[in-house]
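Below: upload.cif (mmCIF, C-alpha atoms)
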data_run
loop_
_atom_site.label_atom_id
_atom_site.label_comp_id
_atom_site.auth_asym_id
_atom_site.auth_seq_id
_atom_site.Cartn_x
_atom_site.Cartn_y
_atom_site.Cartn_z
CA MET R 1 15.20 -20.31 18.64
CA ASN R 2 16.86 -23.50 17.42
CA LEU R 3 13.47 -25.24 17.44
CA PHE R 4 12.00 -22.42 15.34
CA ILE R 5 14.85 -22.64 12.82
CA GLN R 6 14.46 -26.44 12.66
CA ARG R 7 10.71 -26.16 12.01
CA LEU R 8 11.27 -23.45 9.44
CA SER R 9 13.86 -25.50 7.55
CA THR R 10 11.51 -28.50 7.33
CA ASN R 11 8.54 -26.41 6.19
CA PRO R 12 7.78 -27.19 2.51
CA HIS R 13 6.81 -23.55 1.83
CA TYR R 14 10.16 -22.39 3.21
CA ALA R 15 12.02 -24.88 1.05
CA LYS R 16 10.09 -23.76 -2.02
CA ALA R 17 10.72 -20.08 -1.26
CA LEU R 18 14.42 -20.82 -0.74
CA ASP R 19 14.64 -22.64 -4.09
CA TRP R 20 12.91 -19.75 -5.85
CA GLY R 21 15.20 -17.27 -4.11
CA LYS R 22 18.31 -19.10 -5.29
CA LEU R 23 16.93 -19.48 -8.80
CA LEU R 24 15.93 -15.81 -9.07
CA THR R 25 19.26 -14.65 -7.65
CA ILE R 26 21.33 -16.71 -10.08
CA THR R 27 19.08 -16.05 -13.07
CA SER R 28 18.56 -12.34 -12.44
CA GLY R 29 22.28 -11.84 -11.81
CA ALA R 30 23.14 -13.41 -15.15
CA GLN R 31 20.34 -11.52 -16.91
CA ILE R 32 21.55 -8.22 -15.47
CA LEU R 33 24.95 -8.98 -16.98
CA ILE R 34 23.38 -9.96 -20.32
CA GLN R 35 21.13 -6.90 -20.48
CA GLY R 36 23.97 -4.68 -19.31
CA ILE R 37 26.21 -5.88 -22.16
CA GLY R 38 23.31 -5.43 -24.60
CA LEU R 39 22.65 -1.91 -23.33
CA ILE R 40 26.31 -0.94 -23.70
CA SER R 41 26.22 -2.24 -27.27
CA SER R 42 23.11 -0.16 -27.99
CA ILE R 43 24.65 2.98 -26.48
CA ILE R 44 27.75 2.53 -28.63
CA VAL R 45 25.56 2.22 -31.73
CA ILE R 46 23.50 5.31 -30.79
CA ARG R 47 26.54 7.45 -30.01
CA LEU R 48 28.76 6.39 -32.92
CA LEU R 49 26.25 6.30 -35.76
CA PRO R 50 25.32 9.68 -37.30
CA ALA R 51 21.61 10.52 -37.01
CA HIS R 52 20.89 9.57 -40.63
CA GLU R 53 22.68 6.21 -40.32
CA TYR R 54 20.93 5.52 -37.02
CA ALA R 55 17.56 6.20 -38.66
CA LEU R 56 18.38 3.59 -41.34
CA TYR R 57 19.56 1.21 -38.61
CA THR R 58 16.24 1.71 -36.78
CA LEU R 59 14.19 0.99 -39.90
CA ALA R 60 16.16 -2.18 -40.73
CA ASN R 61 16.10 -3.40 -37.13
CA THR R 62 12.35 -2.84 -36.87
CA MET R 63 11.73 -4.71 -40.11
CA LEU R 64 13.89 -7.54 -38.75
CA GLY R 65 11.51 -7.83 -35.81
CA THR R 66 8.53 -7.72 -38.15
CA ILE R 67 9.68 -10.50 -40.48
CA THR R 68 10.68 -12.60 -37.48
CA VAL R 69 7.12 -12.41 -36.17
CA LEU R 70 5.75 -13.22 -39.64
CA ALA R 71 8.09 -16.19 -40.07
CA ASP R 72 7.05 -17.48 -36.66
CA GLY R 73 3.32 -17.00 -37.15
CA GLY R 74 2.63 -18.70 -33.82
CA ILE R 75 4.90 -21.71 -34.45
CA SER R 76 7.05 -21.16 -31.35
CA ALA R 77 3.93 -20.77 -29.18
CA GLY R 78 2.49 -23.95 -30.72
CA VAL R 79 5.75 -25.81 -30.10
CA MET R 80 5.84 -24.58 -26.50
CA ALA R 81 2.23 -25.71 -25.97
CA GLN R 82 2.84 -29.13 -27.57
CA GLY R 83 6.22 -29.49 -25.87
CA GLY R 84 4.64 -28.79 -22.50
CA LYS R 85 2.62 -32.00 -22.96
CA TYR R 86 5.65 -34.19 -23.77
CA TRP R 87 8.47 -32.37 -21.99
CA GLN R 88 9.54 -35.52 -20.13
CA ASP R 89 9.64 -37.69 -23.28
CA ARG R 90 12.87 -37.10 -25.24
CA GLU R 91 11.60 -38.73 -28.44
CA LYS R 92 8.22 -36.99 -28.57
CA LEU R 93 9.69 -33.64 -27.59
CA GLY R 94 12.28 -34.04 -30.34
CA ALA R 95 9.53 -34.75 -32.88
CA VAL R 96 7.72 -31.58 -31.84
CA LEU R 97 10.87 -29.45 -32.16
CA VAL R 98 11.98 -30.91 -35.51
CA THR R 99 8.50 -30.37 -36.92
CA GLY R 100 8.40 -26.79 -35.67
CA LEU R 101 11.81 -26.04 -37.18
CA ALA R 102 10.76 -27.43 -40.59
CA LEU R 103 7.64 -25.25 -40.56
CA ARG R 104 9.65 -22.18 -39.62
CA LYS R 105 11.96 -22.57 -42.63
CA LYS R 106 8.96 -22.53 -44.98
CA PHE R 107 7.39 -19.52 -43.28
CA ALA R 108 10.73 -17.64 -43.38
CA LEU R 109 10.82 -17.58 -47.18
CA TYR R 110 7.28 -16.18 -47.46
CA SER R 111 7.92 -13.47 -44.87
CA LEU R 112 11.06 -12.32 -46.70
CA LEU R 113 9.20 -12.09 -50.00
CA VAL R 114 6.57 -9.88 -48.37
CA ALA R 115 8.72 -7.68 -46.14
CA SER R 116 11.88 -7.04 -48.20
CA PRO R 117 10.16 -4.73 -50.75
CA ALA R 118 8.57 -2.75 -47.91
CA LEU R 119 11.95 -2.26 -46.22
CA LEU R 120 13.52 -1.20 -49.53
CA TYR R 121 10.79 1.40 -50.02
CA LEU R 122 11.23 2.88 -46.52
CA LEU R 123 15.02 3.02 -46.85
CA LEU R 124 14.81 4.73 -50.23
CA HIS R 125 12.17 7.10 -48.84
CA HIS R 126 14.75 8.21 -46.25
CA ASN R 127 17.49 8.77 -48.84
CA ALA R 128 19.49 5.57 -48.34
CA GLY R 129 20.40 5.10 -52.01
CA TRP R 130 19.84 1.86 -53.94
CA ILE R 131 23.17 0.22 -53.13
CA MET R 132 22.97 1.00 -49.41
CA ALA R 133 19.30 -0.07 -49.27
CA VAL R 134 20.10 -3.47 -50.80
CA VAL R 135 23.10 -3.93 -48.50
CA LEU R 136 20.94 -3.13 -45.46
CA VAL R 137 18.31 -5.66 -46.53
CA LEU R 138 21.00 -8.34 -46.94
CA SER R 139 22.61 -7.44 -43.59
CA ILE R 140 19.55 -8.52 -41.60
CA MET R 141 19.63 -12.09 -43.00
CA PRO R 142 22.08 -13.67 -40.49
CA ALA R 143 20.17 -12.34 -37.48
CA PHE R 144 16.85 -13.32 -39.08
CA PHE R 145 17.61 -16.97 -39.87
CA MET R 146 19.62 -17.62 -36.71
CA GLY R 147 17.01 -15.96 -34.51
CA LEU R 148 14.25 -18.17 -35.90
CA SER R 149 15.97 -21.44 -35.06
CA GLY R 150 17.49 -20.16 -31.80
CA VAL R 151 14.08 -19.64 -30.20
CA LEU R 152 13.12 -23.27 -30.87
CA PHE R 153 16.47 -24.61 -29.63
CA GLU R 154 15.80 -22.91 -26.28
CA ILE R 155 12.40 -24.53 -25.66
CA ALA R 156 13.61 -27.94 -24.40
CA PRO R 157 16.05 -26.61 -21.75
CA LYS R 158 13.49 -23.98 -20.71
CA LEU R 159 10.83 -26.65 -20.14
CA HIS R 160 13.34 -28.57 -18.02
CA GLN R 161 14.46 -25.32 -16.34
CA ASP R 162 18.09 -25.97 -17.28
CA ILE R 163 18.79 -22.25 -17.17
CA VAL R 164 22.53 -21.91 -16.48
CA PRO R 165 23.75 -23.23 -19.90
CA LEU R 166 21.28 -20.93 -21.65
CA GLN R 167 22.57 -17.93 -19.76
CA LYS R 168 26.21 -18.79 -20.41
CA ASN R 169 25.34 -18.95 -24.08
CA GLN R 170 23.58 -15.57 -23.93
CA VAL R 171 26.55 -13.98 -22.17
CA GLY R 172 28.83 -15.34 -24.88
CA VAL R 173 26.73 -14.10 -27.79
CA ASN R 174 26.22 -10.65 -26.25
CA THR R 175 29.93 -10.32 -25.52
CA GLY R 176 30.65 -11.25 -29.13
CA ARG R 177 28.22 -8.59 -30.36
CA LEU R 178 29.79 -5.95 -28.12
CA ALA R 179 33.28 -6.83 -29.38
CA LEU R 180 32.27 -6.74 -33.05
CA ILE R 181 30.26 -3.52 -32.72
CA SER R 182 33.11 -1.78 -30.89
CA LEU R 183 35.68 -3.00 -33.40
CA LEU R 184 33.73 -2.04 -36.52
CA LEU R 185 31.82 1.13 -35.66
CA PHE R 186 34.74 3.11 -34.24
CA SER R 187 36.35 2.90 -37.69
CA PHE R 188 33.32 2.51 -39.98
CA PRO R 189 30.12 4.09 -38.54
CA TRP R 190 27.68 2.49 -40.97
CA ALA R 191 24.27 1.05 -40.15
CA PHE R 192 24.69 -2.24 -42.05
CA LEU R 193 27.86 -3.08 -40.10
CA ALA R 194 26.03 -2.54 -36.80
CA ILE R 195 23.31 -4.98 -37.92
CA LEU R 196 25.82 -7.58 -39.16
CA ALA R 197 27.81 -7.32 -35.94
CA ALA R 198 24.65 -8.11 -33.97
CA GLY R 199 23.67 -11.11 -36.12
CA ILE R 200 26.92 -12.99 -36.79
CA PRO R 201 27.58 -14.13 -33.16
CA GLN R 202 24.15 -15.83 -33.18
CA VAL R 203 25.57 -18.46 -35.58
CA TRP R 204 27.97 -19.63 -32.86
CA ALA R 205 25.23 -19.35 -30.23
CA ASN R 206 22.85 -21.60 -32.19
CA LYS R 207 25.43 -24.39 -32.41
CA ASN R 208 25.72 -24.33 -28.62
CA LEU R 209 21.94 -24.18 -28.14
CA ARG R 210 21.45 -27.29 -30.27
CA LYS R 211 24.02 -29.17 -28.16
CA ILE R 212 22.28 -28.08 -24.96
CA SER R 213 18.83 -29.13 -26.21
CA THR R 214 20.08 -32.55 -27.40
CA LYS R 215 20.14 -33.64 -23.76
CA TYR R 216 16.34 -33.35 -23.61
CA ALA R 217 15.20 -33.85 -27.22
CA ASN R 218 16.18 -36.20 -30.03
CA TRP R 219 16.79 -34.05 -33.10
CA LYS R 220 17.56 -37.04 -35.38
CA GLN R 221 13.98 -37.44 -36.51
CA ARG R 222 11.79 -36.53 -39.44
CA PRO R 223 8.96 -34.02 -39.08
CA ASP R 224 5.85 -35.70 -37.70
CA PRO R 225 2.73 -35.01 -39.84
CA HIS R 226 0.42 -35.43 -36.83
CA VAL R 227 2.44 -32.97 -34.76
CA GLN R 228 2.57 -30.62 -37.76
CA GLN R 229 -1.20 -30.75 -38.01
CA ASP R 230 -1.55 -29.87 -34.32
CA ILE R 231 0.88 -26.96 -34.66
CA LEU R 232 -0.80 -25.70 -37.84
CA VAL R 233 -4.19 -25.65 -36.12
CA PHE R 234 -2.55 -23.38 -33.59
CA VAL R 235 -0.84 -21.31 -36.29
CA LYS R 236 -4.08 -20.77 -38.23
CA ARG R 237 -5.56 -19.12 -35.17
CA ILE R 238 -2.47 -17.01 -34.41
CA MET R 239 -1.28 -16.08 -37.93
CA PRO R 240 -3.94 -13.43 -38.72
CA GLY R 241 -3.23 -11.77 -35.41
CA ALA R 242 0.53 -12.04 -36.00
CA ILE R 243 0.17 -10.29 -39.36
CA TYR R 244 -1.94 -7.58 -37.81
CA TYR R 245 0.40 -7.05 -34.86
CA CYS R 246 3.38 -6.83 -37.23
CA LEU R 247 1.72 -3.69 -38.51
CA SER R 248 0.16 -2.33 -35.32
CA GLY R 249 2.95 -3.29 -32.91
CA GLN R 250 5.29 -0.84 -34.60
CA VAL R 251 2.63 1.70 -35.50
CA THR R 252 4.71 4.52 -34.02
CA LEU R 253 7.66 3.83 -36.28
CA TRP R 254 5.58 3.22 -39.41
CA LEU R 255 3.74 6.53 -38.95
CA ILE R 256 6.96 8.42 -38.24
CA SER R 257 8.64 6.76 -41.23
CA ILE R 258 5.86 7.85 -43.57
CA PHE R 259 4.81 11.23 -42.16
CA GLY R 260 7.83 12.30 -40.10
CA SER R 261 11.42 13.26 -40.74
CA THR R 262 14.56 11.12 -40.68
CA THR R 263 15.56 12.86 -37.43
CA GLU R 264 12.30 11.77 -35.76
CA VAL R 265 12.92 8.19 -36.91
CA ALA R 266 16.32 8.33 -35.19
CA GLN R 267 14.72 9.83 -32.05
CA ILE R 268 12.07 7.16 -31.68
CA GLY R 269 14.66 4.47 -32.34
CA ALA R 270 16.97 5.87 -29.69
CA LEU R 271 14.16 6.13 -27.13
CA GLY R 272 13.26 2.53 -27.84
CA ARG R 273 16.76 1.44 -26.83
CA LEU R 274 15.99 2.43 -23.23
CA GLY R 275 13.34 -0.29 -23.32
CA MET R 276 16.19 -2.79 -23.35
CA LEU R 277 16.40 -2.29 -19.59
CA LEU R 278 12.92 -3.81 -19.38
CA GLY R 279 14.20 -6.77 -21.38
CA LEU R 280 15.68 -8.13 -18.14
CA PHE R 281 12.21 -8.69 -16.70
CA ASN R 282 10.85 -10.04 -19.97
CA MET R 283 13.67 -12.59 -20.14
CA LEU R 284 13.14 -13.62 -16.52
CA PHE R 285 9.46 -14.13 -17.26
CA ALA R 286 10.07 -16.12 -20.47
CA THR R 287 12.80 -18.23 -18.87
CA LEU R 288 11.51 -18.94 -15.35
CA ILE R 289 7.78 -18.28 -15.18
CA LEU R 290 6.20 -19.00 -18.57
CA PRO R 291 7.52 -22.60 -18.95
CA ARG R 292 6.30 -23.41 -15.42
CA TYR R 293 2.91 -21.89 -16.22
CA ALA R 294 2.73 -24.02 -19.40
CA ARG R 295 3.37 -27.17 -17.30
CA LEU R 296 0.62 -26.48 -14.72
CA PRO R 297 -2.28 -28.95 -14.57
CA ASN R 298 -5.75 -27.86 -15.73
CA ASN R 299 -6.71 -26.62 -12.26
CA ALA R 300 -8.78 -23.43 -12.61
CA ALA R 301 -8.09 -22.10 -9.10
CA LEU R 302 -4.35 -22.68 -9.44
CA LEU R 303 -4.18 -21.10 -12.90
CA LEU R 304 -6.20 -18.06 -11.79
CA SER R 305 -4.02 -17.39 -8.75
CA ARG R 306 -0.79 -17.75 -10.75
CA TYR R 307 -2.08 -15.59 -13.59
CA LEU R 308 -3.24 -12.76 -11.31
CA PHE R 309 0.06 -12.95 -9.41
CA ILE R 310 1.99 -12.55 -12.68
CA GLN R 311 -0.09 -9.54 -13.74
CA ALA R 312 0.13 -7.88 -10.32
CA GLY R 313 3.91 -8.26 -10.40
CA PHE R 314 4.19 -6.62 -13.82
CA ILE R 315 1.85 -3.76 -12.85
CA LEU R 316 3.89 -3.03 -9.71
CA LEU R 317 7.12 -3.18 -11.68
CA SER R 318 5.76 -0.86 -14.38
CA THR R 319 4.60 1.69 -11.81
CA CYS R 320 8.06 1.81 -10.23
CA VAL R 321 9.91 2.11 -13.56
CA VAL R 322 7.69 4.87 -14.98
CA SER R 323 7.85 6.82 -11.70
CA LEU R 324 11.64 6.62 -11.72
CA VAL R 325 11.95 7.94 -15.28
CA TRP R 326 9.29 10.60 -14.58
CA ASN R 327 11.41 11.99 -11.75
CA PHE R 328 14.80 11.65 -13.51
CA PRO R 329 14.24 12.14 -17.28
CA LEU R 330 17.52 13.98 -17.93
CA GLU R 331 19.52 11.21 -16.27
CA ALA R 332 17.77 8.65 -18.50
CA LEU R 333 18.43 10.74 -21.63
CA TRP R 334 22.10 11.17 -20.71
CA ILE R 335 22.54 7.51 -21.70
CA LEU R 336 21.48 8.33 -25.28
CA GLY R 337 23.72 11.36 -25.78
CA LYS R 338 23.32 15.11 -26.21
CA GLU R 339 21.39 14.84 -29.51
CA TYR R 340 18.37 13.46 -27.62
CA ARG R 341 18.55 15.56 -24.43
CA SER R 342 15.43 17.62 -25.23
CA LEU R 343 13.07 14.59 -25.27
CA THR R 344 12.11 14.78 -21.58
CA THR R 345 8.38 14.16 -22.08
CA GLU R 346 8.90 11.67 -24.88
CA VAL R 347 11.24 9.50 -22.79
CA VAL R 348 8.55 9.05 -20.12
CA LEU R 349 5.95 8.13 -22.75
CA SER R 350 8.39 5.74 -24.44
CA VAL R 351 9.18 3.91 -21.19
CA ALA R 352 5.46 3.74 -20.35
CA ASN R 353 4.93 2.16 -23.76
CA GLY R 354 7.61 -0.40 -22.97
CA CYS R 355 5.94 -1.27 -19.66
CA LEU R 356 2.56 -1.68 -21.34
CA GLY R 357 4.28 -3.92 -23.86
CA LEU R 358 5.41 -6.14 -20.98
CA LEU R 359 1.83 -6.43 -19.73
CA VAL R 360 0.42 -7.22 -23.17
CA GLY R 361 3.17 -9.73 -23.88
CA ALA R 362 2.71 -11.50 -20.55
CA SER R 363 -1.06 -11.83 -21.06
CA PHE R 364 -0.64 -13.06 -24.64
CA SER R 365 2.10 -15.55 -23.72
CA THR R 366 0.21 -17.04 -20.77
CA CYS R 367 -2.75 -17.59 -23.10
CA THR R 368 -0.82 -19.30 -25.86
CA SER R 369 1.28 -21.39 -23.47
CA ARG R 370 -1.96 -23.13 -22.44
CA GLY R 371 -3.06 -23.58 -26.07
CA TRP R 372 -5.68 -20.81 -25.82
CA VAL R 373 -5.83 -18.54 -28.85
CA ILE R 374 -8.38 -15.76 -29.14
CA HIS R 375 -10.16 -15.75 -32.50
CA PRO R 376 -8.66 -13.05 -34.76
CA LEU R 377 -12.11 -12.04 -35.98
CA LEU R 378 -12.71 -10.84 -32.42
CA SER R 379 -9.35 -9.34 -31.43
CA ILE R 380 -8.31 -7.65 -34.68
CA PRO R 381 -11.47 -5.55 -35.26
CA ILE R 382 -11.34 -4.31 -31.66
CA ALA R 383 -7.67 -3.35 -32.02
CA ILE R 384 -8.25 -1.66 -35.41
CA GLY R 385 -11.14 0.26 -33.85
CA ALA R 386 -8.77 1.41 -31.12
CA ILE R 387 -6.25 2.67 -33.71
CA ILE R 388 -8.96 4.54 -35.65
CA CYS R 389 -10.28 6.07 -32.44
CA GLY R 390 -6.78 7.09 -31.35
CA VAL R 391 -5.91 8.63 -34.72
CA THR R 392 -9.14 10.63 -34.58
CA LEU R 393 -8.56 11.95 -31.07
CA LEU R 394 -4.77 12.49 -31.08
CA ASP R 395 -2.38 14.62 -33.15
CA ILE R 396 -0.21 11.97 -34.83
CA ARG R 397 1.90 14.59 -36.61
CA SER R 398 4.07 14.91 -33.48
CA LEU R 399 6.25 12.34 -31.77
CA GLN R 400 4.32 12.81 -28.51
CA GLY R 401 1.00 12.18 -30.25
CA ILE R 402 2.23 8.98 -31.86
CA LEU R 403 3.58 7.69 -28.54
CA LEU R 404 0.21 8.43 -26.88
CA LEU R 405 -1.53 6.59 -29.72
CA ASN R 406 0.66 3.55 -29.12
CA MET R 407 -0.14 3.64 -25.39
CA PHE R 408 -3.88 3.82 -26.06
CA VAL R 409 -3.78 0.84 -28.45
CA ALA R 410 -1.64 -1.16 -26.00
CA LEU R 411 -4.15 -0.56 -23.19
CA VAL R 412 -6.96 -1.88 -25.37
CA GLU R 413 -4.90 -4.95 -26.32
CA PHE R 414 -4.09 -5.61 -22.67
CA GLY R 415 -7.80 -5.48 -21.86
CA ILE R 416 -8.52 -8.01 -24.62
CA TYR R 417 -5.96 -10.60 -23.47
CA PHE R 418 -6.57 -10.08 -19.75
CA SER R 419 -10.29 -10.70 -20.24
CA TYR R 420 -9.70 -13.69 -22.50
CA ASN R 421 -7.44 -15.35 -19.93
CA LEU R 422 -10.11 -14.96 -17.26
CA ILE R 423 -12.81 -16.30 -19.60
CA LYS R 424 -10.78 -19.41 -20.48
CA ILE R 425 -9.94 -20.12 -16.84
CA ASN R 426 -13.61 -19.73 -15.92
CA GLN R 427 -14.59 -22.15 -18.72
CA LEU R 428 -12.10 -24.63 -17.33
CA ARG R 429 -13.71 -24.31 -13.89
CA ASN R 430 -17.19 -24.91 -15.36
CA LEU R 431 -15.90 -27.91 -17.33
CA HIS R 432 -14.63 -29.60 -14.21
#
Entire entry expressed as structure tokens:
Amino acid sequence: MNLFIQRLSTNPHYAKALDWGKLLTITSGAQILIQGIGLISSIIVIRLLPAHEYALYTLANTMLGTITVLADGGISAGVMAQGGKYWQDREKLGAVLVTGLALRKKFALYSLLVASPALLYLLLHHNAGWIMAVVLVLSIMPAFFMGLSGVLFEIAPKLHQDIVPLQKNQVGVNTGRLALISLLLFSFPWAFLAILAAGIPQVWANKNLRKISTKYANWKQRPDPHVQQDILVFVKRIMPGAIYYCLSGQVTLWLISIFGSTTEVAQIGALGRLGMLLGLFNMLFATLILPRYARLPNNAALLLSRYLFIQAGFILLSTCVVSLVWNFPLEALWILGKEYRSLTTEVVLSVANGCLGLLVGASFSTCTSRGWVIHPLLSIPIAIGAIICGVTLLDIRSLQGILLLNMFVALVEFGIYFSYNLIKINQLRNLH
């Protein structure tokens, strides 16, 4: 027995499994805490805001996600891909990050000019009033600007797998959000205060993130024109797709906002909050797995095995989550409150949508982390065709129909990125 234990302890596979076990235990434990705090904050917002205010909150929050994607335009993916090449060189990694941050500031202005009028129109369409609509647009600014830079500040420690400081920072910012939301909404249940309370703590978080990343990257540099050119080549390939997915990724909410009632906007927003539980797995993937995948050598067999392992894990996870909600829909809806208790079928469809989103996101991220970007002239027409086909076949006048449409489009998008990953890996094998 002692001999067996001694051999096991010296086995390199055992040591690697033990390291991964410790890392997953520590990271998942912290992420459960982070997601738990975030979920409590979301439940407080859902339960304290009246349905009309929550509908306005949903519209503003969705537009915040949209303009964030537009302002990124593939910059963070380009920085991750470039940073993966120089992650052990503090000066070069710093040049990549500084250049990416400078590009993001320029893109942020353009995205605001495009998206702000659209948000104003939707808010006015749902009876917000001019003053409230303008206040809501202004309230998303702190979260928008801080979120843009925060993603880039995290890249260096993620590449070096310095996870604990990142998680401490996330716990702090989520605790701050919970405190502010609880303090403000119990007295003043207004949508713009809920958005401000979520964005202000990110200012403090970004200061900490910059300090953490300074250990691995020198920020005291000017943007490098050569690095900028490399990132922009990447952005030019991603930007058309980013613009398209800003529209299609929230197709359910846009259709409900235009054709549905304010109550249905609140319902789909509330159902989407349950997807925060899936955020735990998305964060684990982005923090632990994706940076390691970006650092892998150009070995086709190794990349294929790791990629298929990632996809199999997400498919198994999705099957378990959807089955759980299918069997206990009322228990899931209890979290949202009595106003949403009748949405037993919709909650299953909403969670299935969230799981498909994990699969699509994982396939897209693994592609871009290797510097592989599918040409938008190929991906966008296929996705648009899927939307047209879904609109033709499904009744999009109901919440169920719109959720089914979103699932159908997500399945097509998953097929696109899954196939593209396999094609690029196969090309790499042929090249070598």
Closest atom pairs, region 92-155 of chain R residues within 8 Å of region 223-240 of chain R, only C-alpha atoms, as CSV:
residue,atom,partner,partner_atom,distance
R:Ala95,CA,R:Asp224,CA,6.1
R:Val96,CA,R:Val227,CA,6.2
R:Val98,CA,R:Pro223,CA,5.6
R:Thr99,CA,R:Pro223,CA,4.3
R:Gly100,CA,R:Gln228,CA,7.3
R:Ala102,CA,R:Pro223,CA,7.0
R:Leu103,CA,R:Gln228,CA,7.9
Would you save the residues from that selection as a JSON list (two decimals), in the coordinates of the input, using C-alpha atoms?
[["chain", "number", "residue", "atom", "x", "y", "z"],
["R", 95, "ALA", "CA", 9.53, -34.75, -32.88],
["R", 96, "VAL", "CA", 7.72, -31.58, -31.84],
["R", 98, "VAL", "CA", 11.98, -30.91, -35.51],
["R", 99, "THR", "CA", 8.50, -30.37, -36.92],
["R", 100, "GLY", "CA", 8.40, -26.79, -35.67],
["R", 102, "ALA", "CA", 10.76, -27.43, -40.59],
["R", 103, "LEU", "CA", 7.64, -25.25, -40.56]]
Legend entry - Explicit residue set for the PyMOL selection byres ((chain R and resi 415) around 12), as a ChimeraX atom specification: /R:311,356,359-361,363-364,379,382-383,386,408-414,416-422
Inset, instruction - Would you mind telling me which residue in R:Gly84, R:Gly65, R:Pro142, R:Gly147 lies nearest to Leu101 (chain R) when using only C-alpha atoms? - result: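 Between R:Gly84, R:Gly65, R:Pro142, R:Gly147, the residue approaching Leu101 (chain R) most closely is R:Gly147.
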Inset, instruction - Specify as a PyMOL selection string each residue included when the PyMOL selection byres ((chain R and resi 210) around 10) is applied to this file. - result: chain R and resi 149-150+152-154+156+205-209+211-215+217+219
Inset, instruction - Identify the residues around (-7.5, -24.5, -10.7) within a radius of 12 Å, measuring from all atoms listed in the file in the coordinates stated by the file, and give them as a VMD selection string. - result: chain R and resid 296 to 307 422 424 to 432
